[in-house]
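Visitor: mmCIF, C-alpha atoms and all ligand atoms, file coords-v1.cif:
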data_target
#
loop_
_atom_site.label_atom_id
_atom_site.label_comp_id
_atom_site.auth_asym_id
_atom_site.auth_seq_id
_atom_site.Cartn_x
_atom_site.Cartn_y
_atom_site.Cartn_z
CA MET A 1 -17.13 2.72 -2.09
CA LEU A 2 -13.36 2.72 -1.68
CA LEU A 3 -11.65 4.33 1.31
CA SER A 4 -8.39 4.27 3.26
CA GLY A 5 -9.16 6.21 6.43
CA GLY A 6 -11.77 7.55 8.78
CA GLY A 7 -14.71 7.34 6.43
CA SER A 8 -16.47 10.55 7.45
CA ASN A 9 -17.59 10.97 3.82
CA LEU A 10 -18.98 7.44 3.84
CA GLN A 11 -20.90 8.34 7.01
CA ALA A 12 -22.24 11.56 5.51
CA ILE A 13 -23.49 9.70 2.43
CA VAL A 14 -25.07 6.91 4.50
CA ASP A 15 -26.77 9.53 6.70
CA CYS A 16 -28.05 11.40 3.65
CA ILE A 17 -29.53 8.18 2.28
CA ALA A 18 -31.11 7.42 5.69
CA ARG A 19 -32.73 10.90 5.74
CA GLY A 20 -34.27 10.12 2.36
CA GLU A 21 -32.29 12.88 0.63
CA LEU A 22 -30.35 10.57 -1.71
CA ARG A 23 -31.85 7.60 -3.50
CA ALA A 24 -28.86 5.26 -3.44
CA ARG A 25 -27.40 2.32 -1.59
CA VAL A 26 -23.81 1.71 -0.56
CA VAL A 27 -23.49 -1.94 -1.55
CA ARG A 28 -19.90 -2.58 -0.46
CA VAL A 29 -16.92 -0.83 1.10
CA LEU A 30 -13.38 -1.78 0.12
CA SER A 31 -10.19 -0.51 1.73
CA ASP A 32 -6.51 -0.89 0.99
CA ASN A 33 -5.90 -0.28 4.71
CA PRO A 34 -7.04 -3.01 7.12
CA ASP A 35 -7.04 -0.50 10.00
CA ALA A 36 -9.26 2.06 8.29
CA PHE A 37 -11.96 3.22 10.70
CA GLY A 38 -14.22 3.50 7.67
CA LEU A 39 -14.41 -0.32 7.56
CA GLN A 40 -15.86 -0.33 11.07
CA ARG A 41 -18.31 2.42 10.21
CA ALA A 42 -19.47 0.40 7.21
CA ARG A 43 -19.98 -2.78 9.20
CA ARG A 44 -21.92 -0.85 11.87
CA CYS A 45 -24.25 0.30 9.11
CA GLY A 46 -24.64 -3.26 7.82
CA ILE A 47 -22.55 -2.67 4.71
CA PRO A 48 -20.24 -5.56 3.73
CA ALA A 49 -16.67 -4.28 4.06
CA PHE A 50 -13.43 -5.89 2.91
CA THR A 51 -9.73 -5.13 2.85
CA VAL A 52 -7.75 -5.52 -0.35
CA ALA A 53 -4.22 -4.68 0.83
CA VAL A 54 -1.38 -4.06 -1.60
CA ALA A 55 0.97 -6.03 0.67
CA ASP A 56 -1.06 -9.20 0.10
CA TYR A 57 -0.28 -9.24 -3.64
CA PRO A 58 3.00 -9.79 -5.49
CA ASP A 59 2.73 -6.55 -7.48
CA ARG A 60 0.50 -3.56 -8.12
CA ALA A 61 -1.06 -5.05 -11.22
CA SER A 62 -2.33 -8.12 -9.38
CA TRP A 63 -3.57 -5.91 -6.52
CA GLU A 64 -5.55 -3.79 -9.01
CA SER A 65 -6.98 -6.94 -10.63
CA ALA A 66 -8.09 -8.23 -7.23
CA LEU A 67 -9.64 -4.85 -6.44
CA ALA A 68 -11.46 -4.81 -9.78
CA ALA A 69 -12.78 -8.32 -9.11
CA LYS A 70 -14.16 -7.21 -5.73
CA VAL A 71 -15.65 -4.10 -7.32
CA ASP A 72 -17.30 -6.11 -10.10
CA GLU A 73 -18.68 -8.64 -7.63
CA ALA A 74 -20.55 -5.80 -5.88
CA GLY A 75 -22.37 -4.88 -9.11
CA ALA A 76 -22.47 -1.20 -8.22
CA ASP A 77 -23.51 1.50 -10.70
CA LEU A 78 -20.84 3.88 -9.37
CA ILE A 79 -17.47 3.52 -7.69
CA VAL A 80 -17.13 6.23 -5.07
CA LEU A 81 -13.63 7.03 -3.81
CA ALA A 82 -13.93 8.61 -0.37
CA GLY A 83 -10.48 9.23 1.02
CA PHE A 84 -8.93 6.39 -0.98
CA MET A 85 -5.24 7.21 -0.73
CA ARG A 86 -3.85 5.11 -3.57
CA VAL A 87 -3.57 6.25 -7.14
CA LEU A 88 -5.44 3.85 -9.41
CA GLY A 89 -3.62 3.02 -12.63
CA ALA A 90 -4.94 3.53 -16.14
CA GLY A 91 -5.70 -0.20 -16.39
CA PHE A 92 -8.22 0.07 -13.55
CA VAL A 93 -9.59 3.51 -14.33
CA ASN A 94 -10.20 2.85 -18.02
CA ARG A 95 -12.32 -0.19 -17.15
CA TYR A 96 -14.96 2.13 -15.65
CA PRO A 97 -15.30 5.26 -17.77
CA ARG A 98 -17.36 7.98 -16.01
CA LYS A 99 -18.24 5.51 -13.27
CA ILE A 100 -15.54 6.40 -10.74
CA LEU A 101 -16.01 9.53 -8.59
CA ASN A 102 -13.46 11.09 -6.27
CA ILE A 103 -13.53 13.91 -3.74
CA HIS A 104 -10.49 16.14 -3.49
CA PRO A 105 -9.92 18.77 -0.79
CA SER A 106 -9.27 21.77 -3.03
CA LEU A 107 -10.87 23.77 -5.79
CA LEU A 108 -9.40 21.82 -8.70
CA PRO A 109 -7.48 22.41 -10.88
CA ARG A 110 -5.85 24.34 -8.03
CA HIS A 111 -3.76 22.26 -5.62
CA LYS A 112 -3.82 18.78 -7.11
CA GLY A 113 -2.11 16.18 -4.91
CA LEU A 114 -1.43 16.28 -1.17
CA ASN A 115 -1.27 18.95 1.57
CA THR A 116 -3.91 21.09 -0.11
CA HIS A 117 -4.85 23.13 2.98
CA ARG A 118 -1.26 24.10 3.70
CA ARG A 119 -0.71 25.02 0.07
CA ALA A 120 -3.88 27.12 -0.06
CA LEU A 121 -2.69 29.04 3.02
CA GLU A 122 0.83 29.47 1.68
CA ALA A 123 -0.49 30.71 -1.64
CA GLY A 124 -2.65 33.30 0.14
CA ASP A 125 -5.81 31.97 -1.51
CA ALA A 126 -8.97 33.87 -0.57
CA ARG A 127 -11.11 30.88 -1.49
CA HIS A 128 -10.57 27.18 -0.92
CA GLY A 129 -12.88 24.18 -0.93
CA ALA A 130 -13.54 20.72 -2.27
CA THR A 131 -14.21 19.16 -5.65
CA VAL A 132 -16.06 16.01 -6.70
CA HIS A 133 -14.84 14.84 -10.09
CA PHE A 134 -14.84 11.85 -12.37
CA VAL A 135 -11.65 9.84 -12.13
CA THR A 136 -9.51 9.51 -15.21
CA ALA A 137 -5.93 8.31 -15.66
CA GLU A 138 -4.77 11.88 -15.01
CA VAL A 139 -4.55 12.16 -11.21
CA ASP A 140 -7.00 14.80 -9.88
CA GLY A 141 -7.57 15.84 -13.48
CA GLY A 142 -10.94 14.32 -14.47
CA PRO A 143 -14.08 16.32 -15.32
CA VAL A 144 -15.49 18.29 -12.38
CA ILE A 145 -19.02 17.44 -11.17
CA VAL A 146 -19.53 19.72 -8.14
CA GLN A 147 -17.38 22.15 -6.16
CA GLY A 148 -18.00 23.62 -2.73
CA ILE A 149 -16.27 26.84 -1.69
CA VAL A 150 -15.08 28.06 1.70
CA ALA A 151 -13.63 31.48 2.49
CA VAL A 152 -10.08 31.55 3.81
CA GLU A 153 -10.24 33.96 6.72
CA PRO A 154 -7.52 35.69 8.75
CA GLY A 155 -6.39 33.28 11.46
CA ASP A 156 -7.28 30.16 9.51
CA THR A 157 -4.89 27.26 10.03
CA VAL A 158 -4.43 23.93 8.25
CA GLU A 159 -6.69 22.40 10.90
CA SER A 160 -9.43 25.02 10.69
CA LEU A 161 -9.43 24.77 6.90
CA ARG A 162 -9.55 20.98 7.10
CA LYS A 163 -12.69 21.22 9.28
CA LYS A 164 -14.39 23.79 7.04
CA VAL A 165 -13.59 21.85 3.88
CA GLN A 166 -14.77 18.59 5.41
CA GLN A 167 -18.17 20.14 6.19
CA VAL A 168 -18.45 21.13 2.56
CA GLU A 169 -17.36 17.67 1.42
CA HIS A 170 -20.10 16.06 3.48
CA ARG A 171 -22.68 18.12 1.61
CA ILE A 172 -21.38 18.04 -1.95
CA TYR A 173 -20.54 14.35 -2.30
CA SER A 174 -24.19 13.32 -2.00
CA GLU A 175 -25.19 16.15 -4.37
CA ALA A 176 -22.68 14.92 -6.94
CA ILE A 177 -23.82 11.30 -6.66
CA ALA A 178 -27.43 12.41 -7.14
CA LEU A 179 -26.50 14.42 -10.25
CA VAL A 180 -24.63 11.50 -11.81
CA ALA A 181 -27.37 9.02 -10.86
CA ARG A 182 -29.97 11.26 -12.54
CA GLY A 183 -27.83 11.42 -15.66
CA LYS A 184 -27.25 15.17 -15.25
CA CYS A 185 -23.50 14.77 -15.51
C1 LIG A 201 -11.22 13.93 2.49
O1 LIG A 201 -10.72 15.15 2.93
C2 LIG A 201 -11.08 13.81 1.00
O2 LIG A 201 -11.15 15.03 0.35
C3 LIG A 201 -9.71 13.22 0.82
O3 LIG A 201 -9.56 12.34 1.92
C4 LIG A 201 -10.37 12.77 3.01
C5 LIG A 201 -11.19 11.61 3.46
O4 LIG A 201 -11.82 11.81 4.67
N1 LIG A 201 -9.61 12.62 -0.48
P1 LIG A 201 -12.79 10.70 5.28
O5 LIG A 201 -12.00 9.39 5.37
O6 LIG A 201 -13.99 10.57 4.42
O7 LIG A 201 -13.11 11.20 6.66
#
Take the structure from the file and write it as structure tokens.
Ligand code: GRF
Guide:
Amino acid sequence: MLLSGGGSNLQAIVDCIARGELRARVVRVLSDNPDAFGLQRARRCGIPAFTVAVADYPDRASWESALAAKVDEAGADLIVLAGFMRVLGAGFVNRYPRKILNIHPSLLPRHKGLNTHRRALEAGDARHGATVHFVTAEVDGGPVIVQGIVAVEPGDTVESLRKKVQQVEHRIYSEAIALVARGKC
């Protein structure tokens, strides 16, 4: 699993596995951010966790190669991006066709990129949500696996939408992993 931040999706997946609702194992967590709280969460759960920081490499290409080496070492069946805030280049992505999953906080193809909750509010969307999709070289453009919908209600703010969407994320990521693992996607 690759993450850059808090790792609440990591936690939700680990909890789902612990409840026996997802037959999977998180074999390794990698972060581009040494301060990511997700690294601590992983270690608390006994998952080996490492930082692969861009700043430690002379250029992006060598950073991506180092990341790929760490990914390969783990021998995972799937590469799960959970709040990984760096765009992975075609060189990396094309190494792992239909093996990289990402979760994005909008109903793709609506609101690709950043600030999705603000943009959903500004657009007056009645529905918002989250999408788990395969990662391709087109950012936020790969085939959709699962979407979860929330209603945008009067009085909703960026923060309230963030909370609602996060609850949905914590449910659908495990569902998507299960579908892919069972070969249903
Ligand atoms: C999630 O909202 C996800 O959609 C986005 O980054 C956030 C990660 O949250 N890609 P967390 O680190 O799993 O708490």
Visitor: Hey, which residues sit close to ligand LIG 201 (chain A)? Say within 7 Å, counting only C-alpha atoms and all ligand atoms, and write them as an mmCIF file with C-alpha atoms, keeping the file's coordinate frame.
Guide:
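Heads up, here's the output in result-v4.cif:
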data_model
loop_
_atom_site.group_PDB
_atom_site.id
_atom_site.type_symbol
_atom_site.label_atom_id
_atom_site.label_comp_id
_atom_site.auth_asym_id
_atom_site.auth_seq_id
_atom_site.Cartn_x
_atom_site.Cartn_y
_atom_site.Cartn_z
ATOM 1 C CA LEU A 3 -11.650 4.330 1.310
ATOM 2 C CA SER A 4 -8.390 4.270 3.260
ATOM 3 C CA GLY A 5 -9.160 6.210 6.430
ATOM 4 C CA GLY A 6 -11.770 7.550 8.780
ATOM 5 C CA GLY A 7 -14.710 7.340 6.430
ATOM 6 C CA SER A 8 -16.470 10.550 7.450
ATOM 7 C CA ASN A 9 -17.590 10.970 3.820
ATOM 8 C CA LEU A 10 -18.980 7.440 3.840
ATOM 9 C CA GLY A 38 -14.220 3.500 7.670
ATOM 10 C CA ALA A 82 -13.930 8.610 -0.370
ATOM 11 C CA GLY A 83 -10.480 9.230 1.020
ATOM 12 C CA PHE A 84 -8.930 6.390 -0.980
ATOM 13 C CA MET A 85 -5.240 7.210 -0.730
ATOM 14 C CA ILE A 103 -13.530 13.910 -3.740
ATOM 15 C CA HIS A 104 -10.490 16.140 -3.490
ATOM 16 C CA PRO A 105 -9.920 18.770 -0.790
ATOM 17 C CA ALA A 130 -13.540 20.720 -2.270
ATOM 18 C CA GLN A 166 -14.770 18.590 5.410
ATOM 19 C CA GLU A 169 -17.360 17.670 1.420
#
Visitor: Could you check the closest approach to Phe50 (chain A) for each of A:Ala68, A:Arg171, A:Glu138, A:Leu2 and tell me which residue wins, using all atoms listed in the file?
Guide: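 Smallest separation from Phe50 (chain A) among the options: A:Leu2.
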Visitor: Check the smallest atom-to-atom distance from each of A:His111, A:Arg95, A:Val80, A:Ser31 to Val132 (chain A) using all atoms listed in the file, then report the winner.
Guide: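 Selected residue with least distance to Val132 (chain A): A:Val80.
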Visitor: Find, counting only C-alpha atoms, the residue in A:Phe134, A:Tyr96, A:Tyr57, A:Phe37 that gets nearest to Ala176 (chain A).
Guide: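 Of the candidates, the smallest distance to Ala176 (chain A) is held by A:Phe134.
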Visitor: What separation in Å, quoted to one decimal, exists between CA of Asp59 (chain A) and CA of Leu88 (chain A)?
Guide: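 It comes out at 13.4 Å.
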Visitor: Each side padded by 3 Å, which centre and which edge lengths in Å (one decimal) define the axis-aligned box around the listed atoms of region 156-167 of chain A? Give them as AutoDock Vina command-line options.
Guide:
--center_x -11.3 --center_y 24.4 --center_z 7.4 --size_x 19.7 --size_y 17.6 --size_z 13.0
Visitor: Rounded to one decimal in Å, what is the spacing between CA of Val150 (chain A) and CA of Ile79 (chain A)?
Guide: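 Calculated distance between CA of Val150 (chain A) and CA of Ile79 (chain A) is 26.4 Å.
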Visitor: Rounded to one decimal, what separation in Å do you get between CA of Lys70 (chain A) and CA of Ile17 (chain A)?
Guide: 23.2 Å
Visitor: Counting only C-alpha atoms, which of A:Arg43, A:Arg98, A:Arg127, A:Arg119 gets nearest to Val26 (chain A)?
Guide: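 Between A:Arg43, A:Arg98, A:Arg127, A:Arg119, the residue approaching Val26 (chain A) most closely is A:Arg43.
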Visitor: So which one's closest to Ala120 (chain A), A:Asn102, A:Asn94, A:Thr51, A:Thr157? Using all atoms listed in the file, please.
Guide: A:Thr157
Visitor: Pick out the closest residue to Lys112 (chain A) from this set: A:Gly129, A:Val139, A:Arg86, A:Asp35. Count only C-alpha atoms.
Guide: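 Checking each candidate against Lys112 (chain A), we get A:Val139 as the closest.
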Visitor: For Gly141 (chain A), please output as a PyMOL selection string all residues within 8 Å (counting only C-alpha atoms; exclusion window: fewer than 6 positions along the same chain).
Guide: chain A and resi 108-109+112+135
Visitor: Val27 (chain A): which residues within 12 Å, counting all atoms listed in the file, same-chain residues fewer than 3 positions away excluded, as a VMD selection string?
Guide: chain A and resid 1 to 2 10 14 24 30 42 to 43 45 to 50 70 to 80
Visitor: Considering all atoms listed in the file, return as a PyMOL selection string whatever protein or nucleic-acid residues lie within 12 Å of Glu153 (chain A), sequence-local ones (same chain, fewer than 5 positions apart) excluded.
Guide: chain A and resi 120-121+124-128+158+160-161+164
Visitor: Grab the residues selected above and save them as a PDB file, in the coordinates of the input with C-alpha atoms.
Guide:
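Everything below was put into again-v4.pdb:
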ATOM      1  CA  ALA A 120      -3.880  27.120  -0.060  1.00  0.00           C
ATOM      2  CA  LEU A 121      -2.690  29.040   3.020  1.00  0.00           C
ATOM      3  CA  GLY A 124      -2.650  33.300   0.140  1.00  0.00           C
ATOM      4  CA  ASP A 125      -5.810  31.970  -1.510  1.00  0.00           C
ATOM      5  CA  ALA A 126      -8.970  33.870  -0.570  1.00  0.00           C
ATOM      6  CA  ARG A 127     -11.110  30.880  -1.490  1.00  0.00           C
ATOM      7  CA  HIS A 128     -10.570  27.180  -0.920  1.00  0.00           C
ATOM      8  CA  VAL A 158      -4.430  23.930   8.250  1.00  0.00           C
ATOM      9  CA  SER A 160      -9.430  25.020  10.690  1.00  0.00           C
ATOM     10  CA  LEU A 161      -9.430  24.770   6.900  1.00  0.00           C
ATOM     11  CA  LYS A 164     -14.390  23.790   7.040  1.00  0.00           C
TER      12      LYS A 164
END
Visitor: Do you know which residues are at most 6 Å from His133 (chain A) counting only C-alpha atoms, after dropping those on the same chain fewer than 6 positions away, and could you put them as JSON, numbers by chain?
Guide: {"A": [101, 102, 142, 143, 144, 145]}
